[in-house]
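**Q** Below is the file data-v2.cif, with mmCIF, C-alpha atoms.
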data_data
#
loop_
_atom_site.group_PDB
_atom_site.id
_atom_site.type_symbol
_atom_site.label_atom_id
_atom_site.label_comp_id
_atom_site.auth_asym_id
_atom_site.auth_seq_id
_atom_site.Cartn_x
_atom_site.Cartn_y
_atom_site.Cartn_z
ATOM 1 C CA MET A 235 0.000 0.000 0.000
ATOM 2 C CA ARG A 236 2.834 2.379 0.873
ATOM 3 C CA LEU A 237 4.434 1.808 -2.546
ATOM 4 C CA ILE A 238 1.122 2.489 -4.291
ATOM 5 C CA LEU A 239 0.670 5.731 -2.357
ATOM 6 C CA LEU A 240 4.217 6.809 -3.179
ATOM 7 C CA GLY A 241 3.582 6.110 -6.870
ATOM 8 C CA ILE A 242 0.386 8.159 -6.831
ATOM 9 C CA ALA A 243 2.181 11.003 -5.052
ATOM 10 C CA ALA A 244 5.008 10.976 -7.607
ATOM 11 C CA ALA A 245 2.571 11.008 -10.535
ATOM 12 C CA THR A 246 0.666 13.898 -8.942
ATOM 13 C CA ALA A 247 3.876 15.863 -8.446
ATOM 14 C CA VAL A 248 4.874 15.414 -12.078
ATOM 15 C CA ALA A 249 1.415 16.451 -13.261
ATOM 16 C CA ALA A 250 1.505 19.512 -11.030
ATOM 17 C CA ASP A 251 4.623 20.942 -12.680
ATOM 18 C CA TRP A 252 3.439 20.277 -16.241
ATOM 19 C CA PRO A 253 2.076 23.500 -17.788
ATOM 20 C CA GLY A 254 -0.209 21.881 -20.361
ATOM 21 C CA PHE A 255 -0.433 21.995 -24.145
ATOM 22 C CA LEU A 256 1.731 25.094 -24.679
ATOM 23 C CA VAL A 257 5.025 26.000 -22.994
ATOM 24 C CA SER A 258 7.077 29.172 -23.131
ATOM 25 C CA ALA A 259 10.751 29.461 -23.994
ATOM 26 C CA ASP A 260 11.422 30.587 -20.432
ATOM 27 C CA TRP A 261 9.799 27.453 -19.047
ATOM 28 C CA LEU A 262 11.656 25.125 -21.413
ATOM 29 C CA ALA A 263 15.011 26.816 -20.777
ATOM 30 C CA GLY A 264 14.585 26.062 -17.097
ATOM 31 C CA GLN A 265 13.719 22.405 -17.755
ATOM 32 C CA LEU A 266 16.520 21.390 -20.141
ATOM 33 C CA GLY A 267 18.401 18.437 -18.729
ATOM 34 C CA ARG A 268 15.378 17.121 -16.844
ATOM 35 C CA GLN A 269 15.551 13.309 -16.992
ATOM 36 C CA ASP A 270 11.936 12.723 -17.967
ATOM 37 C CA LEU A 271 11.830 15.462 -20.633
ATOM 38 C CA VAL A 272 12.129 14.626 -24.346
ATOM 39 C CA VAL A 273 12.451 17.605 -26.709
ATOM 40 C CA LEU A 274 11.583 17.017 -30.369
ATOM 41 C CA HIS A 275 12.757 19.228 -33.255
ATOM 42 C CA ALA A 276 10.067 19.062 -35.943
ATOM 43 C CA GLY A 277 11.804 19.844 -39.197
ATOM 44 C CA THR A 278 14.432 18.601 -41.622
ATOM 45 C CA PRO A 279 18.059 17.475 -41.313
ATOM 46 C CA LYS A 280 19.132 20.796 -42.825
ATOM 47 C CA ASP A 281 17.532 23.059 -40.232
ATOM 48 C CA TYR A 282 18.462 20.625 -37.438
ATOM 49 C CA GLU A 283 22.127 20.688 -38.456
ATOM 50 C CA GLU A 284 22.103 24.485 -38.655
ATOM 51 C CA GLY A 285 21.302 24.649 -34.960
ATOM 52 C CA HIS A 286 18.771 23.187 -32.548
ATOM 53 C CA ILE A 287 17.843 23.330 -28.889
ATOM 54 C CA PRO A 288 20.378 21.355 -26.831
ATOM 55 C CA GLY A 289 19.268 17.766 -26.392
ATOM 56 C CA ALA A 290 16.518 17.969 -29.030
ATOM 57 C CA ARG A 291 15.953 14.990 -31.310
ATOM 58 C CA LEU A 292 15.002 15.391 -34.961
ATOM 59 C CA VAL A 293 11.580 14.257 -36.163
ATOM 60 C CA GLU A 294 10.595 14.599 -39.815
ATOM 61 C CA LEU A 295 7.023 14.487 -41.069
ATOM 62 C CA ALA A 296 7.850 11.283 -42.943
ATOM 63 C CA ASP A 297 8.769 9.617 -39.641
ATOM 64 C CA ILE A 298 5.203 9.735 -38.363
ATOM 65 C CA THR A 299 3.112 9.618 -41.561
ATOM 66 C CA VAL A 300 2.735 7.318 -44.557
ATOM 67 C CA THR A 301 1.506 7.454 -48.137
ATOM 68 C CA ARG A 302 -1.104 4.744 -48.513
ATOM 69 C CA GLU A 303 -1.348 2.346 -51.424
ATOM 70 C CA ASP A 304 -4.379 4.273 -52.693
ATOM 71 C CA GLY A 305 -2.246 7.420 -52.962
ATOM 72 C CA LEU A 306 -3.490 9.318 -49.881
ATOM 73 C CA ARG A 307 -0.568 11.243 -48.370
ATOM 74 C CA THR A 308 0.295 12.293 -44.820
ATOM 75 C CA GLU A 309 -1.777 9.521 -43.265
ATOM 76 C CA LEU A 310 -1.430 7.953 -39.838
ATOM 77 C CA PRO A 311 0.687 4.778 -39.921
ATOM 78 C CA PRO A 312 -0.279 1.623 -38.023
ATOM 79 C CA ILE A 313 -0.001 1.839 -34.229
ATOM 80 C CA ASP A 314 2.989 -0.521 -34.127
ATOM 81 C CA GLN A 315 4.910 1.695 -36.544
ATOM 82 C CA LEU A 316 4.222 4.759 -34.410
ATOM 83 C CA ARG A 317 5.240 2.882 -31.270
ATOM 84 C CA GLU A 318 8.582 2.070 -32.874
ATOM 85 C CA ALA A 319 9.086 5.650 -34.067
ATOM 86 C CA PHE A 320 8.459 7.278 -30.705
ATOM 87 C CA ALA A 321 10.298 4.627 -28.702
ATOM 88 C CA GLY A 322 13.260 5.149 -31.029
ATOM 89 C CA LEU A 323 13.220 8.827 -30.061
ATOM 90 C CA GLY A 324 13.718 7.847 -26.435
ATOM 91 C CA ILE A 325 10.157 8.390 -25.237
ATOM 92 C CA SER A 326 9.172 6.156 -22.328
ATOM 93 C CA ASP A 327 5.996 5.848 -20.321
ATOM 94 C CA ASP A 328 7.260 8.297 -17.695
ATOM 95 C CA SER A 329 8.369 10.895 -20.266
ATOM 96 C CA ARG A 330 7.042 14.360 -20.922
ATOM 97 C CA VAL A 331 7.408 15.655 -24.489
ATOM 98 C CA VAL A 332 7.909 19.167 -25.849
ATOM 99 C CA VAL A 333 7.712 19.562 -29.631
ATOM 100 C CA TYR A 334 8.928 22.676 -31.405
ATOM 101 C CA ALA A 335 8.843 23.882 -34.997
ATOM 102 C CA GLY A 336 12.317 23.876 -36.513
ATOM 103 C CA THR A 337 11.186 26.184 -39.322
ATOM 104 C CA SER A 338 8.951 29.249 -39.495
ATOM 105 C CA SER A 339 5.897 27.034 -40.061
ATOM 106 C CA PHE A 340 4.344 25.212 -37.122
ATOM 107 C CA GLN A 341 2.255 22.594 -38.979
ATOM 108 C CA THR A 342 4.661 19.661 -38.583
ATOM 109 C CA ALA A 343 4.998 20.318 -34.852
ATOM 110 C CA ALA A 344 1.205 20.415 -34.588
ATOM 111 C CA ARG A 345 0.951 17.190 -36.586
ATOM 112 C CA ILE A 346 3.300 15.488 -34.125
ATOM 113 C CA PHE A 347 1.145 16.760 -31.253
ATOM 114 C CA PHE A 348 -1.973 15.389 -32.967
ATOM 115 C CA THR A 349 -0.292 12.019 -33.490
ATOM 116 C CA LEU A 350 0.756 11.764 -29.848
ATOM 117 C CA ASP A 351 -2.720 12.865 -28.759
ATOM 118 C CA TYR A 352 -4.194 10.132 -30.966
ATOM 119 C CA LEU A 353 -1.899 7.703 -29.121
ATOM 120 C CA GLY A 354 -3.232 8.879 -25.760
ATOM 121 C CA TRP A 355 -0.294 11.142 -24.949
ATOM 122 C CA GLY A 356 -1.912 14.563 -25.280
ATOM 123 C CA ASP A 357 -1.735 15.230 -21.546
ATOM 124 C CA ARG A 358 2.029 14.592 -21.626
ATOM 125 C CA THR A 359 2.823 16.598 -24.767
ATOM 126 C CA ALA A 360 3.221 20.334 -25.360
ATOM 127 C CA LEU A 361 4.269 22.658 -28.157
ATOM 128 C CA LEU A 362 6.953 25.293 -27.651
ATOM 129 C CA ASP A 363 5.297 28.637 -28.280
ATOM 130 C CA GLY A 364 7.060 30.475 -31.102
ATOM 131 C CA GLY A 365 9.178 27.457 -32.009
ATOM 132 C CA LEU A 366 12.864 27.634 -32.835
ATOM 133 C CA ALA A 367 12.467 30.993 -34.593
ATOM 134 C CA LEU A 368 11.525 32.780 -31.362
ATOM 135 C CA TRP A 369 14.065 30.774 -29.349
ATOM 136 C CA ARG A 370 16.769 31.911 -31.769
ATOM 137 C CA ALA A 371 15.525 35.514 -31.813
ATOM 138 C CA GLU A 372 15.864 35.613 -28.021
ATOM 139 C CA ALA A 373 19.494 34.471 -28.315
ATOM 140 C CA ARG A 374 18.894 31.283 -26.353
ATOM 141 C CA PRO A 375 21.428 28.416 -26.511
ATOM 142 C CA LEU A 376 21.723 26.339 -29.676
ATOM 143 C CA THR A 377 23.897 23.389 -30.644
ATOM 144 C CA THR A 378 24.798 21.534 -33.825
ATOM 145 C CA ALA A 379 25.616 18.312 -31.957
ATOM 146 C CA SER A 380 23.179 15.473 -32.631
ATOM 147 C CA ALA A 381 21.385 14.173 -29.549
ATOM 148 C CA LEU A 382 21.789 10.458 -28.892
ATOM 149 C CA ALA A 383 18.583 8.836 -27.725
ATOM 150 C CA ARG A 384 18.432 5.637 -25.734
ATOM 151 C CA ARG A 385 15.468 3.587 -26.881
ATOM 152 C CA GLY A 386 12.406 4.156 -24.715
ATOM 153 C CA ARG A 387 9.531 1.947 -23.598
ATOM 154 C CA PHE A 388 6.598 3.693 -25.242
ATOM 155 C CA THR A 389 3.079 2.348 -24.678
ATOM 156 C CA PRO A 390 0.360 3.747 -26.962
ATOM 157 C CA ARG A 391 -3.119 4.248 -25.518
ATOM 158 C CA PRO A 392 -5.001 4.818 -28.798
ATOM 159 C CA ALA A 393 -7.920 7.242 -28.911
ATOM 160 C CA PRO A 394 -9.411 6.377 -32.331
ATOM 161 C CA GLU A 395 -12.249 8.864 -31.864
ATOM 162 C CA ARG A 396 -9.709 11.649 -32.504
ATOM 163 C CA VAL A 397 -9.674 10.665 -36.209
ATOM 164 C CA VAL A 398 -12.646 10.743 -38.575
ATOM 165 C CA ASP A 399 -13.208 9.719 -42.190
ATOM 166 C CA ALA A 400 -15.510 10.724 -45.040
ATOM 167 C CA ALA A 401 -18.296 8.440 -43.802
ATOM 168 C CA TRP A 402 -18.183 10.123 -40.384
ATOM 169 C CA ILE A 403 -18.365 13.569 -41.998
ATOM 170 C CA GLN A 404 -21.354 12.482 -44.081
ATOM 171 C CA GLN A 405 -23.169 11.111 -41.044
ATOM 172 C CA HIS A 406 -22.292 13.687 -38.395
ATOM 173 C CA GLY A 407 -20.918 16.781 -40.133
ATOM 174 C CA ARG A 408 -24.257 18.621 -40.143
ATOM 175 C CA GLU A 409 -25.289 17.638 -36.626
ATOM 176 C CA GLU A 410 -25.895 20.333 -34.050
ATOM 177 C CA GLY A 411 -22.762 20.831 -32.008
ATOM 178 C CA VAL A 412 -20.426 19.610 -34.755
ATOM 179 C CA VAL A 413 -18.461 22.227 -36.706
ATOM 180 C CA VAL A 414 -16.329 21.245 -39.708
ATOM 181 C CA ILE A 415 -13.482 23.689 -40.265
ATOM 182 C CA ASP A 416 -11.383 23.992 -43.421
ATOM 183 C CA ALA A 417 -7.880 25.106 -42.418
ATOM 184 C CA ARG A 418 -6.732 26.071 -45.928
ATOM 185 C CA THR A 419 -6.241 29.599 -47.172
ATOM 186 C CA PRO A 420 -9.290 31.271 -48.798
ATOM 187 C CA GLU A 421 -8.396 30.678 -52.453
ATOM 188 C CA PHE A 422 -8.553 26.925 -51.908
ATOM 189 C CA PHE A 423 -11.662 27.025 -49.742
ATOM 190 C CA SER A 424 -13.555 29.181 -52.226
ATOM 191 C CA GLY A 425 -12.528 27.041 -55.181
ATOM 192 C CA ALA A 426 -10.648 29.856 -56.917
ATOM 193 C CA SER A 427 -7.677 27.502 -56.971
ATOM 194 C CA PRO A 428 -7.951 23.701 -56.961
ATOM 195 C CA GLY A 429 -4.345 23.291 -55.915
ATOM 196 C CA GLN A 430 -3.417 19.666 -56.582
ATOM 197 C CA MET A 431 -6.846 18.335 -55.668
ATOM 198 C CA PRO A 432 -9.089 16.440 -58.112
ATOM 199 C CA ARG A 433 -11.853 19.021 -57.625
ATOM 200 C CA ALA A 434 -11.896 22.596 -56.370
ATOM 201 C CA GLY A 435 -13.941 23.875 -53.463
ATOM 202 C CA HIS A 436 -14.724 22.618 -49.994
ATOM 203 C CA ILE A 437 -16.864 20.162 -48.043
ATOM 204 C CA PRO A 438 -20.469 21.433 -47.945
ATOM 205 C CA GLY A 439 -21.234 23.175 -44.684
ATOM 206 C CA ALA A 440 -17.578 23.628 -43.737
ATOM 207 C CA ARG A 441 -16.396 26.975 -42.429
ATOM 208 C CA ASN A 442 -13.056 28.518 -43.346
ATOM 209 C CA LEU A 443 -10.518 29.337 -40.638
ATOM 210 C CA PRO A 444 -7.034 29.480 -42.204
ATOM 211 C CA PHE A 445 -4.397 27.924 -39.970
ATOM 212 C CA THR A 446 -2.275 31.068 -40.379
ATOM 213 C CA THR A 447 -4.764 33.091 -38.292
ATOM 214 C CA LEU A 448 -3.881 31.129 -35.134
ATOM 215 C CA VAL A 449 -0.503 32.780 -34.505
ATOM 216 C CA ASP A 450 0.874 36.298 -34.240
ATOM 217 C CA GLY A 451 3.717 37.887 -36.182
ATOM 218 C CA GLN A 452 6.315 36.104 -34.051
ATOM 219 C CA GLY A 453 4.752 32.695 -34.568
ATOM 220 C CA ARG A 454 3.284 32.559 -31.062
ATOM 221 C CA PHE A 455 -0.176 31.136 -30.600
ATOM 222 C CA LYS A 456 -2.910 33.561 -29.741
ATOM 223 C CA SER A 457 -4.453 33.300 -26.283
ATOM 224 C CA ARG A 458 -7.080 30.718 -25.453
ATOM 225 C CA GLU A 459 -9.671 33.474 -25.427
ATOM 226 C CA GLU A 460 -8.635 34.777 -28.851
ATOM 227 C CA ILE A 461 -8.636 31.272 -30.325
ATOM 228 C CA ALA A 462 -12.048 30.568 -28.807
ATOM 229 C CA ALA A 463 -13.318 33.786 -30.403
ATOM 230 C CA LEU A 464 -11.941 32.754 -33.807
ATOM 231 C CA LEU A 465 -13.583 29.362 -33.472
ATOM 232 C CA ALA A 466 -16.845 31.024 -32.443
ATOM 233 C CA GLN A 467 -16.742 33.144 -35.598
ATOM 234 C CA ALA A 468 -16.513 29.854 -37.493
ATOM 235 C CA GLY A 469 -19.561 28.562 -35.647
ATOM 236 C CA ALA A 470 -17.829 26.581 -32.909
ATOM 237 C CA HIS A 471 -19.163 27.795 -29.596
ATOM 238 C CA ARG A 472 -18.325 26.272 -26.225
ATOM 239 C CA GLY A 473 -19.222 22.599 -26.097
ATOM 240 C CA ALA A 474 -18.873 22.105 -29.856
ATOM 241 C CA THR A 475 -16.913 19.310 -31.487
ATOM 242 C CA VAL A 476 -14.391 20.841 -33.884
ATOM 243 C CA VAL A 477 -13.493 18.700 -36.903
ATOM 244 C CA SER A 478 -10.650 20.068 -39.014
ATOM 245 C CA TYR A 479 -9.389 19.238 -42.481
ATOM 246 C CA CYS A 480 -7.147 20.799 -45.139
ATOM 247 C CA HIS A 481 -5.384 19.488 -48.243
ATOM 248 C CA VAL A 482 -3.760 16.385 -46.713
ATOM 249 C CA GLY A 483 -4.202 16.700 -42.931
ATOM 250 C CA HIS A 484 -1.100 18.802 -42.261
ATOM 251 C CA GLN A 485 -2.420 22.364 -41.868
ATOM 252 C CA ALA A 486 -5.541 20.974 -40.180
ATOM 253 C CA SER A 487 -3.329 19.781 -37.346
ATOM 254 C CA GLY A 488 -2.875 23.443 -36.406
ATOM 255 C CA ILE A 489 -6.633 23.890 -35.982
ATOM 256 C CA TYR A 490 -6.753 20.600 -34.080
ATOM 257 C CA PHE A 491 -4.066 21.747 -31.649
ATOM 258 C CA ALA A 492 -5.602 25.193 -31.198
ATOM 259 C CA ALA A 493 -9.032 23.708 -30.503
ATOM 260 C CA ARG A 494 -7.580 21.330 -27.906
ATOM 261 C CA TYR A 495 -5.600 24.177 -26.353
ATOM 262 C CA ALA A 496 -8.764 26.282 -26.109
ATOM 263 C CA GLY A 497 -10.662 23.442 -24.428
ATOM 264 C CA PHE A 498 -12.723 22.025 -27.298
ATOM 265 C CA ASP A 499 -13.344 18.424 -28.295
ATOM 266 C CA ALA A 500 -11.197 18.189 -31.450
ATOM 267 C CA ARG A 501 -11.070 15.641 -34.248
ATOM 268 C CA LEU A 502 -9.160 15.499 -37.517
ATOM 269 C CA TYR A 503 -10.272 14.247 -40.921
ATOM 270 C CA ASP A 504 -6.986 12.575 -41.801
ATOM 271 C CA GLY A 505 -7.854 11.962 -45.448
ATOM 272 C CA SER A 506 -8.884 15.635 -45.758
ATOM 273 C CA PHE A 507 -9.814 17.179 -49.104
ATOM 274 C CA GLN A 508 -7.466 14.909 -51.051
ATOM 275 C CA ASP A 509 -9.820 12.083 -50.031
ATOM 276 C CA TRP A 510 -13.140 13.925 -50.222
ATOM 277 C CA SER A 511 -12.544 15.605 -53.596
ATOM 278 C CA ARG A 512 -11.567 12.419 -55.375
ATOM 279 C CA ARG A 513 -14.828 10.697 -54.402
ATOM 280 C CA SER A 514 -17.117 11.673 -57.245
ATOM 281 C CA GLU A 515 -20.208 10.654 -55.286
ATOM 282 C CA LEU A 516 -19.528 13.286 -52.626
ATOM 283 C CA PRO A 517 -20.594 16.916 -53.130
ATOM 284 C CA VAL A 518 -18.256 19.886 -53.014
ATOM 285 C CA GLU A 519 -19.090 23.581 -52.789
ATOM 286 C CA VAL A 520 -17.485 26.546 -54.516
ATOM 287 C CA SER A 521 -18.052 29.962 -52.914
ATOM 288 C CA GLY A 522 -20.841 28.423 -50.899
ATOM 289 C CA SER A 523 -22.725 26.948 -53.852
ATOM 290 C CA ALA A 524 -22.850 23.313 -54.878
ATOM 291 C CA VAL A 525 -20.751 22.478 -57.904
ATOM 292 C CA PRO A 526 -23.010 21.837 -60.946
ATOM 293 C CA GLY A 527 -23.405 18.139 -61.534
ATOM 294 C CA SER A 528 -22.306 17.063 -58.074
ATOM 295 C CA LYS A 529 -24.625 15.005 -55.931
#
As a first step, turn the structure in this file into C-alpha cells.

**A**
Amino acid sequence: MRLILLGIAAATAVAADWPGFLVSADWLAGQLGRQDLVVLHAGTPKDYEEGHIPGARLVELADITVTREDGLRTELPPIDQLREAFAGLGISDDSRVVVYAGTSSFQTAARIFFTLDYLGWGDRTALLDGGLALWRAEARPLTTASALARRGRFTPRPAPERVVDAAWIQQHGREEGVVVIDARTPEFFSGASPGQMPRAGHIPGARNLPFTTLVDGQGRFKSREEIAALLAQAGAHRGATVVSYCHVGHQASGIYFAARYAGFDARLYDGSFQDWSRRSELPVEVSGSAVPGSK
C-alpha cells in the first residue's frame, strides 16, 4: 500500500509541474536536462544541423506519416509503426514531451502533437510557443551536436475517436454541435484555386478558418480566449466538437491543436480534401454553392 501511495504522489507531483499543451521558452530553458523530458525538433536534417535546442531529437514528417497504397498522403501509420518511431526517439511511459517547430511554419509540430494525442499522450505533450524561430531571436542556446537517444519503452493508448473519415463527416458533419473547419487559405476554400486536388472547393457546410490566423507575427499562438473567439466566428461555440481538415491533414493539425488548447473536443479528418474531392459521389461547394453536376 505504501508503494502504491508513493507512486500516486510521484505522478501527482509530475502532473503539477506540467504546464499543459503550450510551454514558453522561459519554461523550457529552465527544464533542459530534466531526466523525464524529451524535446523534439520538428523539421528537416538541414535546419536541425544548422542549430537546434540542446538535447533535441530530430523528427521529420515522414517519420510519423505514410503514403497509402491508394495514394493518400500524410496519413497515420499503423499503431505498431508509431510505437517504434516514438520509442526510437527515447520516449518512455514516464516521459514528458515538448515539440517545437524547426522552421517558421508550425504545422509539422502540430501534426506530431496530434499524433501523440491520438496515441493517448496529449496530456504529456506540449508545443513550444514560437518554435525555434523565437528561441533563436531571443538568443537562447543552440547546438549543432546530434542528440543520442536511448530507446524508450513507449506504450500507446489509442484514442481512435480523434480521427474521422468521409463516412463520419457524411453522417455527423451537419449535426448540431459539430463544426467542420477547413484550415486552408481562402483561395482553396472558395474554389478559386484547386491546388493539386481532383476538384476545387470545400466540403459542404464547412467553415473557413485558415491555420495562419492562429498565430501572431512572431509565430506565437494567440491566447485561449482569442482562439475561442476565432472558433466562435466559425460557428464553434463552447461545447462544440471541432473537426478540421485541409489538403492532406497537415495544416488541419494546427486547428486541431488550437481547438484542444482552447478546451474544445477536437477531431481530424486525416484523409482531408485529397480524399473527399476524389470521391465523385460526394458533393463539393465553390463559394458556398454546390458544384453543378455534383450530388

**Q** May I ask which of the residues A:Ile461, A:Arg330, A:Met431, A:Gly469 is the closest one to Arg307 (chain A), counting all atoms listed in the file?

**A**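 Comparing A:Ile461, A:Arg330, A:Met431, A:Gly469 against Arg307 (chain A), the winner is A:Met431.
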
**Q** Residue by residue, what does the PyMOL selection byres ((chain A and resi 278) around 9) grab here? Present the result as a list in words.

**A** His275, Ala276, Gly277, Pro279, Lys280, Asp281, Tyr282, Glu283, Leu292, Val293, Glu294, Leu295, Gly336 and Thr337 of chain A

**Q** Keeping only C-alpha atoms, write the selected residues as a PDB file, in the frame of the given file.

**A**
ATOM      1  CA  HIS A 275      12.757  19.228 -33.255  1.00  0.00           C
ATOM      2  CA  ALA A 276      10.067  19.062 -35.943  1.00  0.00           C
ATOM      3  CA  GLY A 277      11.804  19.844 -39.197  1.00  0.00           C
ATOM      4  CA  PRO A 279      18.059  17.475 -41.313  1.00  0.00           C
ATOM      5  CA  LYS A 280      19.132  20.796 -42.825  1.00  0.00           C
ATOM      6  CA  ASP A 281      17.532  23.059 -40.232  1.00  0.00           C
ATOM      7  CA  TYR A 282      18.462  20.625 -37.438  1.00  0.00           C
ATOM      8  CA  GLU A 283      22.127  20.688 -38.456  1.00  0.00           C
ATOM      9  CA  LEU A 292      15.002  15.391 -34.961  1.00  0.00           C
ATOM     10  CA  VAL A 293      11.580  14.257 -36.163  1.00  0.00           C
ATOM     11  CA  GLU A 294      10.595  14.599 -39.815  1.00  0.00           C
ATOM     12  CA  LEU A 295       7.023  14.487 -41.069  1.00  0.00           C
ATOM     13  CA  GLY A 336      12.317  23.876 -36.513  1.00  0.00           C
ATOM     14  CA  THR A 337      11.186  26.184 -39.322  1.00  0.00           C
TER      15      THR A 337
END

**Q** Take the PyMOL selection byres ((chain A and resi 390) around 7), apply it to the structure above, and return the hits as a list in words.

**A**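 Going through the file, the PyMOL selection byres ((chain A and resi 390) around 7) ends up selecting Arg317, Leu353, Gly354, Phe388, Thr389, Arg391 and Pro392 of chain A.
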
**Q** Given all atoms listed in the file as the basis, pick out the residue of A:Gln315, A:Ile287, A:Leu271, A:Arg494 nearest to Ser380 (chain A).

**A**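 Going through A:Gln315, A:Ile287, A:Leu271, A:Arg494 one by one, the smallest distance to Ser380 (chain A) is for A:Ile287.
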
**Q** To one decimal place in Å, what is the distance between CA of Val477 (chain A) and CA of Thr349 (chain A)?

**A**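 Computed distance, CA of Val477 (chain A) to CA of Thr349 (chain A), equals 15.2 Å.
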
**Q** Taking all atoms listed in the file into account, name the residue in A:Gly407, A:Pro311, A:Pro432, A:Gly386 that is nearest to Ile298 (chain A).

**A** A:Pro311

**Q** Which residue is closest to Gln467 (chain A)? Choose from A:Val518, A:Ala321, A:Leu256, A:Ile415 and count all atoms listed in the file.

**A**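 Checking each of A:Val518, A:Ala321, A:Leu256, A:Ile415 against Gln467 (chain A), counting all atoms listed in the file, the winner is A:Ile415.
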